[in-house]
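Below is the file structure_34.tsv, which contains TSV, C-alpha atoms and all ligand atoms.
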```tsv
chain	number	residue	atom	x	y	z
S	1042	MET	CA	-12.73	-19.87	6.08
S	1043	LEU	CA	-11.98	-17.79	9.15
S	1044	VAL	CA	-10.94	-14.14	8.93
S	1045	VAL	CA	-8.56	-12.93	11.63
S	1046	GLY	CA	-7.90	-9.22	12.07
S	1047	CYS	CA	-4.36	-8.48	13.23
S	1048	SER	CA	-3.69	-5.25	15.14
S	1049	HIS	CA	-3.21	-3.10	12.02
S	1050	GLY	CA	-5.76	-4.90	9.88
S	1051	THR	CA	-8.97	-4.82	11.92
S	1052	HIS	CA	-10.38	-1.81	10.03
S	1053	LEU	CA	-10.65	-3.99	6.90
S	1054	ALA	CA	-10.75	-7.54	8.27
S	1055	ASP	CA	-14.12	-7.07	9.91
S	1056	LYS	CA	-15.66	-5.72	6.69
S	1057	ILE	CA	-14.04	-8.48	4.64
S	1058	ALA	CA	-15.51	-11.19	6.91
S	1059	LYS	CA	-18.98	-9.58	6.74
S	1060	LEU	CA	-18.91	-9.31	2.96
S	1061	LEU	CA	-17.76	-12.92	2.69
S	1062	HIS	CA	-20.28	-14.11	5.31
S	1063	LYS	CA	-17.43	-15.78	7.17
S	1064	LYS	CA	-16.53	-15.93	10.84
S	1065	TYR	CA	-14.43	-13.04	12.15
S	1066	SER	CA	-12.03	-13.00	15.04
S	1067	ASN	CA	-9.67	-10.38	16.43
S	1068	LEU	CA	-6.11	-11.45	17.07
S	1069	LEU	CA	-5.48	-10.66	20.73
S	1070	VAL	CA	-2.24	-8.72	21.00
S	1071	GLU	CA	-0.63	-7.50	24.17
S	1072	LYS	CA	2.71	-5.86	24.85
S	1073	PHE	CA	4.78	-6.94	27.85
S	1074	PRO	CA	6.52	-4.15	29.78
S	1075	ASP	CA	9.82	-5.00	28.07
S	1076	GLY	CA	8.32	-4.48	24.62
S	1077	GLU	CA	7.89	-8.17	23.76
S	1078	MET	CA	4.56	-9.21	22.36
S	1079	ARG	CA	2.01	-11.82	23.30
S	1080	VAL	CA	-0.50	-12.86	20.66
S	1081	ARG	CA	-3.44	-15.19	21.04
S	1082	LEU	CA	-5.85	-16.64	18.48
S	1083	ASP	CA	-9.30	-16.30	19.96
S	1084	CYS	CA	-10.94	-18.87	17.68
S	1085	ASN	CA	-10.71	-22.52	16.72
S	1086	VAL	CA	-8.49	-22.70	13.65
S	1087	LYS	CA	-8.22	-26.50	13.43
S	1088	GLY	CA	-9.06	-27.70	9.92
S	1089	ASN	CA	-9.93	-24.16	8.81
S	1090	GLU	CA	-8.53	-21.93	6.10
S	1091	VAL	CA	-7.31	-18.91	8.07
S	1092	VAL	CA	-7.06	-15.49	6.45
S	1093	LEU	CA	-4.86	-13.13	8.47
S	1094	VAL	CA	-5.37	-9.45	7.60
S	1095	GLN	CA	-2.52	-7.12	8.48
S	1096	SER	CA	-1.56	-3.74	7.06
S	1097	PHE	CA	2.09	-3.17	7.88
S	1098	TYR	CA	2.17	0.55	8.68
S	1099	ARG	CA	3.68	2.70	11.42
S	1100	ASP	CA	4.98	-0.01	13.84
S	1101	VAL	CA	6.23	-2.02	10.88
S	1102	SER	CA	8.59	-4.37	12.74
S	1103	ASP	CA	5.99	-5.17	15.40
S	1104	CYS	CA	3.44	-5.84	12.66
S	1105	ILE	CA	5.80	-8.38	11.10
S	1106	VAL	CA	6.59	-10.16	14.38
S	1107	GLU	CA	2.89	-10.26	15.25
S	1108	VAL	CA	1.97	-11.91	11.95
S	1109	ILE	CA	4.73	-14.50	12.29
S	1110	LEU	CA	3.71	-15.38	15.85
S	1111	ALA	CA	0.07	-15.68	14.75
S	1112	ALA	CA	0.89	-17.73	11.65
S	1113	GLN	CA	3.09	-20.24	13.48
S	1114	THR	CA	0.43	-20.57	16.19
S	1115	ALA	CA	-2.23	-21.29	13.56
S	1116	ILE	CA	0.06	-23.93	12.05
S	1117	ASP	CA	0.68	-25.47	15.50
S	1118	LEU	CA	-3.08	-25.56	16.07
S	1119	GLU	CA	-3.61	-27.39	12.76
S	1120	ALA	CA	-5.08	-24.72	10.52
S	1121	LYS	CA	-5.63	-26.18	7.04
S	1122	ARG	CA	-4.27	-23.25	5.01
S	1123	LEU	CA	-2.89	-19.85	5.80
S	1124	VAL	CA	-3.56	-16.77	3.70
S	1125	LEU	CA	-2.09	-13.32	4.32
S	1126	VAL	CA	-4.07	-10.31	3.14
S	1127	ALA	CA	-1.76	-7.30	3.27
S	1128	PRO	CA	-3.55	-4.11	2.20
S	1129	TYR	CA	-0.19	-2.39	2.69
S	1130	PHE	CA	2.91	-4.56	2.50
S	1131	PRO	CA	6.22	-3.02	3.61
S	1132	TYR	CA	9.86	-3.18	2.54
S	1133	MET	CA	9.04	-3.34	-1.16
S	1134	ARG	CA	11.11	-0.28	-2.04
S	1135	GLN	CA	14.39	-1.77	-0.79
S	1136	ASP	CA	14.60	-4.16	-3.73
S	1137	LYS	CA	18.34	-3.90	-4.35
S	1138	ARG	CA	21.58	-3.21	-2.53
S	1139	PHE	CA	21.70	0.54	-3.15
S	1140	HIS	CA	24.85	0.89	-1.02
S	1141	LYS	CA	27.58	-1.58	-0.18
S	1142	GLY	CA	26.60	-3.93	2.65
S	1143	GLU	CA	22.91	-2.96	2.63
S	1144	ALA	CA	20.20	-5.56	3.22
S	1145	ILE	CA	17.90	-6.34	0.29
S	1146	SER	CA	14.99	-6.16	2.67
S	1147	GLN	CA	12.31	-6.94	0.10
S	1148	ARG	CA	13.75	-10.41	-0.48
S	1149	ILE	CA	14.34	-11.14	3.21
S	1150	ILE	CA	10.83	-10.17	4.30
S	1151	ALA	CA	9.27	-12.08	1.38
S	1152	LYS	CA	11.17	-15.21	2.43
S	1153	LEU	CA	9.63	-14.97	5.89
S	1154	ILE	CA	6.14	-14.78	4.42
S	1155	ASP	CA	6.93	-17.73	2.09
S	1156	HIS	CA	7.91	-19.76	5.11
S	1157	TYR	CA	4.67	-19.32	7.06
S	1158	PHE	CA	1.93	-18.78	4.49
S	1159	ASP	CA	0.35	-20.62	1.55
S	1160	GLU	CA	-0.88	-17.53	-0.26
S	1161	VAL	CA	-0.49	-13.75	-0.09
S	1162	TYR	CA	-2.65	-10.86	-1.40
S	1163	ILE	CA	-1.13	-7.41	-1.61
S	1164	MET	CA	-2.77	-4.13	-2.65
S	1165	ASP	CA	-0.64	-2.05	-5.02
S	1166	PRO	CA	2.78	-3.30	-3.97
S	1167	HIS	CA	5.62	-0.97	-4.86
S	1168	LEU	CA	7.17	-3.13	-7.56
S	1169	HIS	CA	10.09	-1.75	-9.46
S	1170	ARG	CA	13.11	-3.78	-10.58
S	1171	LYS	CA	11.29	-7.01	-9.75
S	1172	ASP	CA	8.02	-6.16	-11.38
S	1173	LYS	CA	5.93	-9.24	-10.63
S	1174	LEU	CA	4.99	-10.59	-7.23
S	1175	TRP	CA	6.02	-14.08	-8.33
S	1176	HIS	CA	9.55	-12.73	-8.79
S	1177	ILE	CA	9.53	-11.99	-5.07
S	1178	PHE	CA	7.39	-14.68	-3.41
S	1179	LYS	CA	7.56	-18.44	-3.93
S	1180	ILE	CA	4.05	-18.98	-2.58
S	1181	LYS	CA	0.92	-18.16	-4.59
S	1182	SER	CA	0.62	-14.37	-4.69
S	1183	LYS	CA	-1.94	-11.93	-5.98
S	1184	ARG	CA	-1.44	-8.26	-6.72
S	1185	LEU	CA	-4.53	-6.11	-6.37
S	1186	THR	CA	-4.82	-2.56	-7.59
S	1187	ALA	CA	-6.98	0.34	-6.48
S	1188	ASN	CA	-6.64	2.09	-9.87
S	1189	ASN	CA	-10.28	1.48	-10.75
S	1190	LEU	CA	-11.49	2.84	-7.42
S	1191	ILE	CA	-9.25	5.90	-7.74
S	1192	ALA	CA	-10.56	6.56	-11.24
S	1193	GLU	CA	-14.14	6.24	-9.98
S	1194	TYR	CA	-13.42	8.66	-7.13
S	1195	ILE	CA	-12.00	11.26	-9.53
S	1196	LYS	CA	-14.91	10.82	-11.93
S	1197	LYS	CA	-17.42	11.48	-9.14
S	1198	ASN	CA	-15.60	14.25	-7.30
S	1199	ILE	CA	-13.11	16.14	-9.48
S	1200	PRO	CA	-14.26	17.73	-12.74
S	1201	ASN	CA	-11.89	18.37	-15.62
S	1202	PRO	CA	-8.83	16.62	-14.18
S	1203	VAL	CA	-5.32	16.36	-15.53
S	1204	ILE	CA	-3.38	13.51	-13.93
S	1205	ILE	CA	0.21	13.93	-12.82
S	1206	GLY	CA	2.56	11.09	-11.86
S	1207	PRO	CA	5.39	12.52	-9.74
S	1208	ASP	CA	8.09	10.07	-10.85
S	1209	GLU	CA	8.88	7.49	-13.51
S	1210	GLU	CA	7.51	4.62	-11.41
S	1211	SER	CA	4.15	6.26	-10.87
S	1212	TYR	CA	2.93	5.55	-14.42
S	1213	LYS	CA	1.46	2.28	-13.08
S	1214	TRP	CA	-1.01	4.33	-11.12
S	1215	ALA	CA	-1.15	7.76	-12.74
S	1216	ARG	CA	-1.15	6.79	-16.41
S	1217	HIS	CA	-3.50	3.86	-15.90
S	1218	VAL	CA	-5.97	5.99	-13.96
S	1219	ALA	CA	-5.80	8.70	-16.68
S	1220	GLU	CA	-6.43	6.07	-19.36
S	1221	MET	CA	-9.44	4.77	-17.47
S	1222	LEU	CA	-10.84	8.30	-17.32
S	1223	GLY	CA	-9.81	9.18	-20.87
S	1224	VAL	CA	-7.98	12.32	-19.69
S	1225	GLU	CA	-4.50	13.76	-20.17
S	1226	SER	CA	-1.58	12.72	-17.97
S	1227	ARG	CA	2.08	13.60	-17.45
S	1228	ILE	CA	4.71	11.50	-15.74
S	1229	LEU	CA	7.48	13.58	-14.18
S	1230	LYS	CA	11.05	12.70	-13.23
S	1231	LYS	CA	12.29	12.48	-9.67
S	1232	LYS	CA	15.74	12.37	-8.17
S	1233	ARG	CA	15.93	11.24	-4.56
S	1234	TYR	CA	18.89	12.39	-2.49
S	1235	SER	CA	17.61	11.19	0.91
S	1236	SER	CA	14.33	10.35	2.64
S	1237	TYR	CA	13.51	14.05	2.95
S	1238	HIS	CA	15.24	15.48	-0.08
S	1239	VAL	CA	13.84	14.90	-3.53
S	1240	LYS	CA	13.93	16.93	-6.69
S	1241	VAL	CA	11.11	16.71	-9.21
S	1242	ILE	CA	11.73	17.66	-12.81
S	1243	LEU	CA	9.08	18.71	-15.31
S	1244	ASN	CA	10.26	17.19	-18.54
S	1245	LYS	CA	7.51	18.39	-20.90
S	1246	LYS	CA	5.14	21.34	-21.04
S	1247	ILE	CA	1.73	20.81	-19.51
S	1248	ASP	CA	-1.34	22.84	-20.26
S	1249	LEU	CA	-2.99	23.36	-16.89
S	1250	ASN	CA	-5.46	25.94	-18.06
S	1251	GLY	CA	-8.86	25.42	-16.46
S	1252	LYS	CA	-7.81	22.00	-15.20
S	1253	ASN	CA	-7.97	20.46	-11.76
S	1254	ILE	CA	-4.58	18.90	-11.10
S	1255	VAL	CA	-4.62	15.44	-9.57
S	1256	ILE	CA	-1.29	13.94	-8.54
S	1257	VAL	CA	-1.60	10.16	-8.30
S	1258	ASP	CA	0.99	8.00	-6.53
S	1259	ASP	CA	1.13	4.71	-4.68
S	1260	ILE	CA	2.63	5.89	-1.38
S	1261	ILE	CA	2.81	9.15	0.52
S	1262	SER	CA	5.39	8.74	3.25
S	1263	THR	CA	7.14	12.00	4.19
S	1264	GLY	CA	5.09	13.85	1.58
S	1265	HIS	CA	8.17	15.44	0.02
S	1266	THR	CA	7.57	13.91	-3.40
S	1267	ILE	CA	4.13	15.52	-3.52
S	1268	LEU	CA	5.27	18.82	-1.99
S	1269	GLU	CA	8.04	19.19	-4.58
S	1270	THR	CA	5.70	18.24	-7.41
S	1271	ALA	CA	3.13	20.78	-6.26
S	1272	LYS	CA	5.81	23.48	-6.01
S	1273	LYS	CA	6.79	22.89	-9.61
S	1274	LEU	CA	3.18	22.87	-10.79
S	1275	ARG	CA	2.42	26.09	-8.93
S	1276	LYS	CA	5.23	27.76	-10.87
S	1277	LEU	CA	3.28	26.87	-13.99
S	1278	GLY	CA	0.23	28.60	-12.57
S	1279	ALA	CA	-1.55	25.58	-11.10
S	1280	GLY	CA	-4.62	26.48	-9.07
S	1281	ARG	CA	-6.31	23.70	-7.16
S	1282	ILE	CA	-4.11	20.65	-6.55
S	1283	TYR	CA	-5.45	17.30	-5.42
S	1284	CYS	CA	-3.35	14.32	-4.52
S	1285	ILE	CA	-4.65	10.77	-4.39
S	1286	CYS	CA	-2.55	7.90	-3.12
S	1287	VAL	CA	-3.16	4.26	-2.37
S	1288	HIS	CA	-1.16	4.04	0.86
S	1289	GLY	CA	-1.29	7.10	3.09
S	1290	ILE	CA	1.55	6.53	5.52
S	1291	PHE	CA	1.91	10.25	6.32
S	1292	ALA	CA	5.10	9.96	8.36
S	1293	ASN	CA	6.30	12.89	10.47
S	1294	ASN	CA	3.37	15.22	10.07
S	1295	ALA	CA	3.24	14.81	6.30
S	1296	LEU	CA	-0.49	15.38	6.17
S	1297	ALA	CA	-0.24	18.74	7.95
S	1298	LYS	CA	2.58	19.82	5.60
S	1299	LEU	CA	0.55	18.87	2.54
S	1300	ARG	CA	-2.52	20.70	3.80
S	1301	LYS	CA	-0.44	23.78	4.61
S	1302	ALA	CA	0.73	23.73	1.01
S	1303	GLY	CA	-2.92	23.85	-0.05
S	1304	ILE	CA	-3.01	20.30	-1.39
S	1305	LYS	CA	-6.23	18.35	-1.01
S	1306	VAL	CA	-5.27	14.81	-0.05
S	1307	VAL	CA	-7.28	11.60	-0.43
S	1308	SER	CA	-6.14	8.03	0.12
S	1309	THR	CA	-7.58	4.55	0.10
S	1310	ASN	CA	-8.14	2.80	3.41
S	1311	THR	CA	-5.31	0.26	3.05
S	1312	ILE	CA	-4.05	2.39	5.95
S	1313	PRO	CA	-6.83	3.90	8.07
S	1314	GLY	CA	-6.98	7.65	8.65
S	1315	LYS	CA	-8.92	10.88	8.16
S	1316	MET	CA	-8.14	11.02	4.47
S	1317	ALA	CA	-8.92	7.35	3.78
S	1318	LYS	CA	-12.02	7.96	1.68
S	1319	ILE	CA	-11.68	5.16	-0.85
S	1320	ASP	CA	-12.70	1.77	0.53
S	1321	VAL	CA	-10.79	-1.26	-0.78
S	1322	SER	CA	-12.61	-3.98	1.18
S	1323	GLY	CA	-14.95	-4.90	-1.71
S	1324	LEU	CA	-12.02	-5.26	-4.05
S	1325	ILE	CA	-10.17	-7.58	-1.66
S	1326	VAL	CA	-13.29	-9.69	-1.20
S	1327	LYS	CA	-13.85	-9.98	-4.94
S	1328	SER	CA	-10.34	-11.22	-5.38
S	1329	LEU	CA	-10.51	-13.73	-2.51
S	1330	VAL	CA	-13.74	-15.13	-3.93
S	1331	THR	CA	-12.51	-15.32	-7.54
S	1332	ILE	CA	-9.24	-16.98	-6.69
S	1333	ASN	CA	-10.73	-19.55	-4.35
S	1334	LYS	CA	-13.55	-20.62	-6.68
E	1	LIG	C1	8.46	5.86	-4.40
E	1	LIG	O1	9.00	6.05	-5.48
E	1	LIG	C2	7.00	5.96	-4.18
E	1	LIG	O2	6.28	5.74	-5.34
E	1	LIG	C3	6.60	7.29	-3.56
E	1	LIG	O3	6.74	8.31	-4.52
E	1	LIG	C4	7.44	7.59	-2.36
E	1	LIG	O4	7.48	6.50	-1.51
E	1	LIG	C5	6.91	8.81	-1.63
E	1	LIG	O5	7.73	9.06	-0.54
E	1	LIG	P1	7.73	10.46	0.17
E	1	LIG	O6	6.31	10.80	0.49
E	1	LIG	O7	8.57	10.25	1.40
E	1	LIG	O8	8.37	11.44	-0.76
```
Starting from the coordinates I provided, produce the structure as structure tokens.
Ligand code: R5P
Amino acid sequence: MLVVGCSHGTHLADKIAKLLHKKYSNLLVEKFPDGEMRVRLDCNVKGNEVVLVQSFYRDVSDCIVEVILAAQTAIDLEAKRLVLVAPYFPYMRQDKRFHKGEAISQRIIAKLIDHYFDEVYIMDPHLHRKDKLWHIFKIKSKRLTANNLIAEYIKKNIPNPVIIGPDEESYKWARHVAEMLGVESRILKKKRYSSYHVKVILNKKIDLNGKNIVIVDDIISTGHTILETAKKLRKLGAGRIYCICVHGIFANNALAKLRKAGIKVVSTNTIPGKMAKIDVSGLIVKSLVTINK
């Protein structure tokens, strides 16, 4: 096995290779002046199982093109098998045609991955209407979750927590984490009007007395879901508010907005950053080892 770190996956790929005691190589990526990309595999892939690690954040389209160029090159150079490890995998939220003529991006991107890879590993994919990875991918797929690690983090660092899920879909993270900790949780309702406009509704009373509030969600993108949730909780007298997410995208200054609102933010390192305090590399390695036994 050979572990190759793509441009947005090096922060985990290196650790994964070390933990697995396997060879590591950086994918060499260069941009031409016109914006096109040149990628080069700096290792001998012939006859090897190649694990490409890419987290598809920020320059999402470039990340996708890069992975496809690398995968086809590995195939051309006679790699034995190709595995994609995607700590953060994009386009999962566009899982239906919400408006006439819209692309169902989830399906289209999954088809691309099916075409080039033999197997895919994804950390906490945003699954909704299609709730299993095998509903989306034809190749062998494995869904990993950071729930355990998030629960451990809370146990060590936040006393007396009450867990809040900001929308109906967040029960997969919030409720499960609360169950692991044996503490109370509430799942709220959310109505999204646009990328930046969401309304969060408190459907039941919550006793916040003496509790540390921990909002748990899979993704923070613009941060508006969390900001609205915190606003509502403050009206109920909430004091300290923490927010823990798996994928900290933090688009358009989201982190600064959250901090200004007095919210303490923590994320896993599926996407690297200042708040990425929960390391998922061990979890990925465990899964790669178990599945390939
Ligand atoms: C979607 O339902 C996800 O679980 C997140 O709640 C959402 O992606 C967060 O987006 P934003 O930070 O832009 O409100």
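Counting only C-alpha atoms and comparing S:Ile1312, S:Ser1235, S:Lys1173, S:Tyr1132, the residue that lies closest to Ser1048 (chain S) is S:Ile1312.
Atom O4 of ligand LIG 1 (chain E) is positioned 17.9 Å from CA of Ile1191 (chain S).
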List as CSV every residue of chain S that is in contact with ligand LIG 1 (chain E), defined as an atom at most 7 Å from one of its atoms (using only C-alpha atoms and all ligand atoms), together with the nearest atom pair and the distance in Å rounded to one decimal, sorted by chain and then rising number.
```
residue,atom,partner,partner_atom,distance
S:His1167,CA,E:LIG1,O2,6.8
S:Pro1207,CA,E:LIG1,O3,6.8
S:Asp1208,CA,E:LIG1,O3,6.7
S:Glu1210,CA,E:LIG1,O1,6.3
S:Ser1211,CA,E:LIG1,O2,5.9
S:Ser1236,CA,E:LIG1,O7,5.9
S:Tyr1237,CA,E:LIG1,O7,6.4
S:Asp1258,CA,E:LIG1,O2,5.9
S:Asp1259,CA,E:LIG1,O2,5.3
S:Ile1260,CA,E:LIG1,C3,4.7
S:Ile1261,CA,E:LIG1,O6,3.9
S:Ser1262,CA,E:LIG1,O6,3.6
S:Thr1263,CA,E:LIG1,O7,3.6
S:Gly1264,CA,E:LIG1,O6,3.5
S:His1265,CA,E:LIG1,O8,4.1
S:Thr1266,CA,E:LIG1,O8,3.7
S:Ile1267,CA,E:LIG1,O8,6.5
```
Name the residues in contact with region 1249-1256 of chain S at a cut-off of 12 Å, using only C-alpha atoms, excluding same-chain residues fewer than 6 positions from it; report them as a PDB file with C-alpha atoms, keeping the file's coordinate frame.
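So around-v6.pdb came out as:
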```pdb
ATOM      1  CA  ILE S1191      -9.250   5.900  -7.740  1.00  0.00           C
ATOM      2  CA  ALA S1192     -10.560   6.560 -11.240  1.00  0.00           C
ATOM      3  CA  TYR S1194     -13.420   8.660  -7.130  1.00  0.00           C
ATOM      4  CA  ILE S1195     -12.000  11.260  -9.530  1.00  0.00           C
ATOM      5  CA  LYS S1196     -14.910  10.820 -11.930  1.00  0.00           C
ATOM      6  CA  ASN S1198     -15.600  14.250  -7.300  1.00  0.00           C
ATOM      7  CA  ILE S1199     -13.110  16.140  -9.480  1.00  0.00           C
ATOM      8  CA  PRO S1200     -14.260  17.730 -12.740  1.00  0.00           C
ATOM      9  CA  ASN S1201     -11.890  18.370 -15.620  1.00  0.00           C
ATOM     10  CA  PRO S1202      -8.830  16.620 -14.180  1.00  0.00           C
ATOM     11  CA  VAL S1203      -5.320  16.360 -15.530  1.00  0.00           C
ATOM     12  CA  ILE S1204      -3.380  13.510 -13.930  1.00  0.00           C
ATOM     13  CA  ILE S1205       0.210  13.930 -12.820  1.00  0.00           C
ATOM     14  CA  GLY S1206       2.560  11.090 -11.860  1.00  0.00           C
ATOM     15  CA  PRO S1207       5.390  12.520  -9.740  1.00  0.00           C
ATOM     16  CA  ASP S1208       8.090  10.070 -10.850  1.00  0.00           C
ATOM     17  CA  SER S1211       4.150   6.260 -10.870  1.00  0.00           C
ATOM     18  CA  TYR S1212       2.930   5.550 -14.420  1.00  0.00           C
ATOM     19  CA  TRP S1214      -1.010   4.330 -11.120  1.00  0.00           C
ATOM     20  CA  ALA S1215      -1.150   7.760 -12.740  1.00  0.00           C
ATOM     21  CA  ARG S1216      -1.150   6.790 -16.410  1.00  0.00           C
ATOM     22  CA  VAL S1218      -5.970   5.990 -13.960  1.00  0.00           C
ATOM     23  CA  ALA S1219      -5.800   8.700 -16.680  1.00  0.00           C
ATOM     24  CA  VAL S1224      -7.980  12.320 -19.690  1.00  0.00           C
ATOM     25  CA  GLU S1225      -4.500  13.760 -20.170  1.00  0.00           C
ATOM     26  CA  SER S1226      -1.580  12.720 -17.970  1.00  0.00           C
ATOM     27  CA  ARG S1227       2.080  13.600 -17.450  1.00  0.00           C
ATOM     28  CA  ILE S1228       4.710  11.500 -15.740  1.00  0.00           C
ATOM     29  CA  LEU S1229       7.480  13.580 -14.180  1.00  0.00           C
ATOM     30  CA  GLY S1264       5.090  13.850   1.580  1.00  0.00           C
ATOM     31  CA  THR S1266       7.570  13.910  -3.400  1.00  0.00           C
ATOM     32  CA  ILE S1267       4.130  15.520  -3.520  1.00  0.00           C
ATOM     33  CA  LEU S1268       5.270  18.820  -1.990  1.00  0.00           C
ATOM     34  CA  GLU S1269       8.040  19.190  -4.580  1.00  0.00           C
ATOM     35  CA  THR S1270       5.700  18.240  -7.410  1.00  0.00           C
ATOM     36  CA  ALA S1271       3.130  20.780  -6.260  1.00  0.00           C
ATOM     37  CA  LEU S1274       3.180  22.870 -10.790  1.00  0.00           C
ATOM     38  CA  ARG S1275       2.420  26.090  -8.930  1.00  0.00           C
ATOM     39  CA  LYS S1276       5.230  27.760 -10.870  1.00  0.00           C
ATOM     40  CA  LEU S1277       3.280  26.870 -13.990  1.00  0.00           C
ATOM     41  CA  GLY S1278       0.230  28.600 -12.570  1.00  0.00           C
ATOM     42  CA  ALA S1279      -1.550  25.580 -11.100  1.00  0.00           C
ATOM     43  CA  GLY S1280      -4.620  26.480  -9.070  1.00  0.00           C
ATOM     44  CA  ARG S1281      -6.310  23.700  -7.160  1.00  0.00           C
ATOM     45  CA  ILE S1282      -4.110  20.650  -6.550  1.00  0.00           C
ATOM     46  CA  TYR S1283      -5.450  17.300  -5.420  1.00  0.00           C
ATOM     47  CA  CYS S1284      -3.350  14.320  -4.520  1.00  0.00           C
ATOM     48  CA  ILE S1285      -4.650  10.770  -4.390  1.00  0.00           C
ATOM     49  CA  CYS S1286      -2.550   7.900  -3.120  1.00  0.00           C
ATOM     50  CA  VAL S1287      -3.160   4.260  -2.370  1.00  0.00           C
ATOM     51  CA  ILE S1304      -3.010  20.300  -1.390  1.00  0.00           C
ATOM     52  CA  LYS S1305      -6.230  18.350  -1.010  1.00  0.00           C
ATOM     53  CA  VAL S1306      -5.270  14.810  -0.050  1.00  0.00           C
ATOM     54  CA  VAL S1307      -7.280  11.600  -0.430  1.00  0.00           C
ATOM     55  CA  SER S1308      -6.140   8.030   0.120  1.00  0.00           C
TER      56      SER S1308
END
```
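CA of Asp1172 (chain S) lies 19.2 Å from CA of Lys1230 (chain S).
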Long-range neighbours of Asn1085 (chain S) as a PyMOL selection string, 10 Å cut-off, only C-alpha atoms, 4 positions minimum in chain = chain S and resi 1043+1066+1089+1091+1115+1118-1120
Next, the residues of the selection above should be written as an mmCIF file, in the coordinates of the input with C-alpha atoms.
```
data_model
loop_
_atom_site.group_PDB
_atom_site.id
_atom_site.type_symbol
_atom_site.label_atom_id
_atom_site.label_comp_id
_atom_site.auth_asym_id
_atom_site.auth_seq_id
_atom_site.Cartn_x
_atom_site.Cartn_y
_atom_site.Cartn_z
ATOM 1 C CA LEU S 1043 -11.980 -17.790 9.150
ATOM 2 C CA SER S 1066 -12.030 -13.000 15.040
ATOM 3 C CA ASN S 1089 -9.930 -24.160 8.810
ATOM 4 C CA VAL S 1091 -7.310 -18.910 8.070
ATOM 5 C CA ALA S 1115 -2.230 -21.290 13.560
ATOM 6 C CA LEU S 1118 -3.080 -25.560 16.070
ATOM 7 C CA GLU S 1119 -3.610 -27.390 12.760
ATOM 8 C CA ALA S 1120 -5.080 -24.720 10.520
#
```
For Gln1095 (chain S), which residue out of S:Ala1054, S:Ile1116, S:Met1221, S:Leu1110 is the nearest one, using only C-alpha atoms?
-> S:Ala1054
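One finds CA of Leu1185 (chain S) at 21.7 Å from CA of His1156 (chain S).
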Tell me which protein, DNA and RNA residues are within 12 Å of Gln1147 (chain S), counting all atoms listed in the file, leaving out same-chain ones fewer than 6 positions away, and put them as a ChimeraX atom specification.
-> /S:1130-1138,1153-1154,1166-1171,1174,1176-1178
Using C-alpha atoms, can you write the selected residues to a file as a compact mmCIF listing (two decimals), in the frame of the given file?
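Full text of out24.txt as output:
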```txt
# COMPACT_ATOMS: atom_id res chain seq x y z
CA PHE S 1130 2.91 -4.56 2.50
CA PRO S 1131 6.22 -3.02 3.61
CA TYR S 1132 9.86 -3.18 2.54
CA MET S 1133 9.04 -3.34 -1.16
CA ARG S 1134 11.11 -0.28 -2.04
CA GLN S 1135 14.39 -1.77 -0.79
CA ASP S 1136 14.60 -4.16 -3.73
CA LYS S 1137 18.34 -3.90 -4.35
CA ARG S 1138 21.58 -3.21 -2.53
CA LEU S 1153 9.63 -14.97 5.89
CA ILE S 1154 6.14 -14.78 4.42
CA PRO S 1166 2.78 -3.30 -3.97
CA HIS S 1167 5.62 -0.97 -4.86
CA LEU S 1168 7.17 -3.13 -7.56
CA HIS S 1169 10.09 -1.75 -9.46
CA ARG S 1170 13.11 -3.78 -10.58
CA LYS S 1171 11.29 -7.01 -9.75
CA LEU S 1174 4.99 -10.59 -7.23
CA HIS S 1176 9.55 -12.73 -8.79
CA ILE S 1177 9.53 -11.99 -5.07
CA PHE S 1178 7.39 -14.68 -3.41
```
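Across S:Glu1220, S:Tyr1157, S:Ala1297, S:Gly1046, the tightest approach to Ala1058 (chain S) is made by S:Gly1046 when counting all atoms listed in the file.
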With a distance cut-off of 9 Å and all atoms listed in the file, select the neighbouring residues of Val1124 (chain S), excluding the residue or stretch itself and same-chain residues fewer than 3 positions from it, and output the selection as a ChimeraX atom specification.
-> /S:1090-1094,1158-1162
Is it possible to get the axis-aligned box enclosing region 1056-1067 of chain S (all listed atoms, 3 Å extra per side) as JSON, with centre and edge lengths in Å rounded to one decimal?
```
{"center_x": -15.0, "center_y": -10.8, "center_z": 9.6, "size_x": 16.6, "size_y": 16.2, "size_z": 19.7}
```
